[in-house]
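Here's the structure we're looking at; comments come further down.
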Amino acid sequence: MLIIFSSCTGKAKFDKTMWQTKDDMEYPYRNKMLNDLIKNYKLAGIRYTDLINLLGKPQFKDSSSIAYEVITRYDAIDPNYTKRLDFTFSGDSIITSFKIAEWKK
């Protein structure tokens, strides 16, 4: 397995294993791979099961959307910044859209 990280840009090519790697309470590689993932992989229009096969189990799920945690930063106990990759899907389980959602306290 070859993983290329660019120390200057802080970017990396998407890798399924690295995407799913969790260290303590965070996903240390997701933010570095996010740009490559959304630019070089077909995400909208694929089946829900294909997305799960690519990215693994989402951290959030409801009846028509799922989300993957990218970054969560804490101020003492409470989060003060979050970044997620959100997906919506249709009744027939096709991914209809995705977006990067950021929240700052």
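Residue numbers start at 1 in each chain; chains themselves are named A, B, ... in the order of the structure tokens; ligands are numbered from 1 in the order shown.
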
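Residues within 9 Å of Thr17 in chain A, counting only C-alpha atoms and excluding same-chain residues fewer than 3 positions away, are Gln20, Thr21 and Leu55 of chain A.
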
Non-local contacts of Lys42 in chain A (12 Å; only C-alpha atoms; under 4 positions in same chain excluded) as a PyMOL selection string:
chain A and resi 36-38+46-47+50-51+54+95-98

Just write the chosen residues, N, CA and C atoms, as a PDB file, in the first residue's frame.
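Output contents, as saved in selection-v8.pdb:
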ATOM      1  N   ASP A  36      -9.400  15.158  -2.352  1.00  0.00           N
ATOM      2  CA  ASP A  36      -9.226  14.106  -3.355  1.00  0.00           C
ATOM      3  C   ASP A  36     -10.495  13.267  -3.479  1.00  0.00           C
ATOM      4  N   LEU A  37     -11.116  12.950  -2.364  1.00  0.00           N
ATOM      5  CA  LEU A  37     -12.335  12.146  -2.371  1.00  0.00           C
ATOM      6  C   LEU A  37     -13.449  12.822  -3.157  1.00  0.00           C
ATOM      7  N   ILE A  38     -13.728  14.083  -2.874  1.00  0.00           N
ATOM      8  CA  ILE A  38     -14.868  14.731  -3.531  1.00  0.00           C
ATOM      9  C   ILE A  38     -14.581  15.111  -4.981  1.00  0.00           C
ATOM     10  N   ILE A  46     -24.501   7.418  -6.846  1.00  0.00           N
ATOM     11  CA  ILE A  46     -24.189   6.020  -6.542  1.00  0.00           C
ATOM     12  C   ILE A  46     -25.178   5.479  -5.514  1.00  0.00           C
ATOM     13  N   ARG A  47     -25.207   4.171  -5.373  1.00  0.00           N
ATOM     14  CA  ARG A  47     -26.100   3.542  -4.399  1.00  0.00           C
ATOM     15  C   ARG A  47     -25.556   3.723  -2.976  1.00  0.00           C
ATOM     16  N   ASP A  50     -22.992   1.221  -2.037  1.00  0.00           N
ATOM     17  CA  ASP A  50     -21.675   1.469  -2.628  1.00  0.00           C
ATOM     18  C   ASP A  50     -20.915   2.534  -1.833  1.00  0.00           C
ATOM     19  N   LEU A  51     -21.636   3.538  -1.352  1.00  0.00           N
ATOM     20  CA  LEU A  51     -21.000   4.569  -0.532  1.00  0.00           C
ATOM     21  C   LEU A  51     -20.487   3.975   0.780  1.00  0.00           C
ATOM     22  N   LEU A  54     -17.392   2.099   0.234  1.00  0.00           N
ATOM     23  CA  LEU A  54     -16.252   2.981   0.013  1.00  0.00           C
ATOM     24  C   LEU A  54     -15.769   3.636   1.304  1.00  0.00           C
ATOM     25  N   ILE A  95     -27.614   8.130  -3.701  1.00  0.00           N
ATOM     26  CA  ILE A  95     -27.076   9.373  -3.140  1.00  0.00           C
ATOM     27  C   ILE A  95     -27.442  10.513  -4.086  1.00  0.00           C
ATOM     28  N   THR A  96     -28.197  11.487  -3.586  1.00  0.00           N
ATOM     29  CA  THR A  96     -28.655  12.596  -4.431  1.00  0.00           C
ATOM     30  C   THR A  96     -27.763  13.822  -4.321  1.00  0.00           C
ATOM     31  N   SER A  97     -27.108  14.008  -3.182  1.00  0.00           N
ATOM     32  CA  SER A  97     -26.226  15.163  -3.027  1.00  0.00           C
ATOM     33  C   SER A  97     -25.289  14.945  -1.847  1.00  0.00           C
ATOM     34  N   PHE A  98     -24.261  15.774  -1.810  1.00  0.00           N
ATOM     35  CA  PHE A  98     -23.354  15.769  -0.671  1.00  0.00           C
ATOM     36  C   PHE A  98     -22.811  17.171  -0.486  1.00  0.00           C
TER      37      PHE A  98
END

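When the distance limit is 8 Å and only C-alpha atoms are what count, the residues near Lys104 in chain A, minus those fewer than 5 positions from it on the same chain, are Asn80, Tyr81 and Thr82 of chain A.
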
Legend entry - alpha helix (DSSP H) residues, from DSSP on the backbone, in chain A, as a list in words: Lys16, Thr17, Met18, Trp19, Gln20, Arg30, Asn31, Lys32, Met33, Leu34, Asn35, Asp36, Leu37, Ile38, Lys39, Asn40, Tyr48, Thr49, Asp50, Leu51, Ile52, Asn53, Leu54 and Leu55 of chain A

Restricted to C-alpha atoms, what would the selected residues look like written as a tab-separated table (two decimals), in the first residue's frame?
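again-v4.tsv, freshly written:
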chain	number	residue	atom	x	y	z
A	16	LYS	CA	-10.31	3.57	2.32
A	17	THR	CA	-8.28	2.10	5.18
A	18	MET	CA	-6.85	5.45	6.21
A	19	TRP	CA	-10.31	7.09	5.96
A	20	GLN	CA	-11.66	4.57	8.47
A	30	ARG	CA	-9.90	12.43	6.74
A	31	ASN	CA	-9.35	16.16	6.33
A	32	LYS	CA	-6.19	15.54	4.29
A	33	MET	CA	-8.05	13.16	1.95
A	34	LEU	CA	-11.33	15.07	1.68
A	35	ASN	CA	-10.45	17.14	-1.39
A	36	ASP	CA	-9.23	14.11	-3.35
A	37	LEU	CA	-12.33	12.15	-2.37
A	38	ILE	CA	-14.87	14.73	-3.53
A	39	LYS	CA	-12.98	15.63	-6.72
A	40	ASN	CA	-11.91	12.21	-7.96
A	48	TYR	CA	-26.12	3.90	-0.62
A	49	THR	CA	-24.49	0.47	-0.25
A	50	ASP	CA	-21.67	1.47	-2.63
A	51	LEU	CA	-21.00	4.57	-0.53
A	52	ILE	CA	-20.88	2.48	2.65
A	53	ASN	CA	-18.50	0.05	0.93
A	54	LEU	CA	-16.25	2.98	0.01
A	55	LEU	CA	-16.34	5.02	3.24

Requested in this report: List every residue of chain A that DSSP, applied to the backbone, labels as strand (DSSP E or B), and write the result as a ChimeraX atom specification.
Outcome: /A:5-6,11-12,23,26,47,60-61,65-75,78-89,94-104

TODO: Compile the contact shell of Glu102 in chain A as a ChimeraX atom specification: residues with an atom at most 10 Å away, counting only C-alpha atoms, same-chain residues fewer than 5 positions apart removed.
DONE: /A:70-72,81-85

For those residues, write N, CA and C atoms to a file as a CSV table (one decimal), in the first residue's frame.
chain,number,residue,atom,x,y,z
A,70,VAL,N,-15.3,14.6,9.9
A,70,VAL,CA,-14.0,14.9,9.4
A,70,VAL,C,-13.1,15.4,10.5
A,71,ILE,N,-13.6,16.5,11.1
A,71,ILE,CA,-12.8,17.1,12.2
A,71,ILE,C,-13.8,17.5,13.3
A,72,THR,N,-13.4,17.2,14.6
A,72,THR,CA,-14.1,17.8,15.7
A,72,THR,C,-13.0,18.3,16.7
A,81,TYR,N,-15.6,23.4,17.1
A,81,TYR,CA,-15.5,23.4,15.7
A,81,TYR,C,-15.7,22.0,15.2
A,82,THR,N,-16.6,21.8,14.2
A,82,THR,CA,-16.8,20.5,13.5
A,82,THR,C,-16.8,20.7,12.0
A,83,LYS,N,-16.4,19.7,11.3
A,83,LYS,CA,-16.5,19.6,9.9
A,83,LYS,C,-16.9,18.2,9.6
A,84,ARG,N,-18.0,18.1,8.7
A,84,ARG,CA,-18.6,16.8,8.4
A,84,ARG,C,-18.7,16.7,6.9
A,85,LEU,N,-18.8,15.5,6.4
A,85,LEU,CA,-19.2,15.3,5.0
A,85,LEU,C,-20.6,14.7,5.0

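When only C-alpha atoms are used to measure the gap to Tyr74 in chain A, the shortest distance among A:Ala44, A:Ile100, A:Met25, A:Ile94 belongs to A:Met25.
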
The residue from A:Glu26, A:Asp15, A:Asp86, A:Lys99 with the smallest atom-to-atom distance to Asp62 in chain A, counting only C-alpha atoms, is A:Asp86

Min atom-atom distance to Ala67 in chain A from the set A:Tyr41, A:Ala101, A:Tyr29, A:Asp92, counting only C-alpha atoms, belongs to A:Ala101

Residues near Gln59 in chain A, anyone? I mean within 8 Å using only C-alpha atoms, not counting same-chain ones fewer than 2 positions away, as a ChimeraX atom specification. /A:57,61,66-69

Please produce a file of the residues just selected, as a short mmCIF file (atom, residue, chain, number, x, y, z; two decimals), in the first residue's frame, where the atoms kept are N, CA and C atoms.
data_model
loop_
_atom_site.label_atom_id
_atom_site.label_comp_id
_atom_site.auth_asym_id
_atom_site.auth_seq_id
_atom_site.Cartn_x
_atom_site.Cartn_y
_atom_site.Cartn_z
N LYS A 57 -18.93 2.71 7.81
CA LYS A 57 -20.12 3.09 8.57
C LYS A 57 -20.09 4.58 8.90
N LYS A 61 -26.71 9.09 11.13
CA LYS A 61 -27.65 8.55 10.14
C LYS A 61 -29.07 8.87 10.56
N ILE A 66 -26.91 10.78 5.80
CA ILE A 66 -25.84 10.25 6.63
C ILE A 66 -24.72 11.27 6.66
N ALA A 67 -23.83 11.15 7.63
CA ALA A 67 -22.71 12.08 7.73
C ALA A 67 -21.49 11.38 8.29
N TYR A 68 -20.35 11.83 7.80
CA TYR A 68 -19.06 11.34 8.27
C TYR A 68 -18.32 12.48 8.95
N GLU A 69 -17.87 12.23 10.15
CA GLU A 69 -17.08 13.21 10.88
C GLU A 69 -15.73 13.36 10.18
#
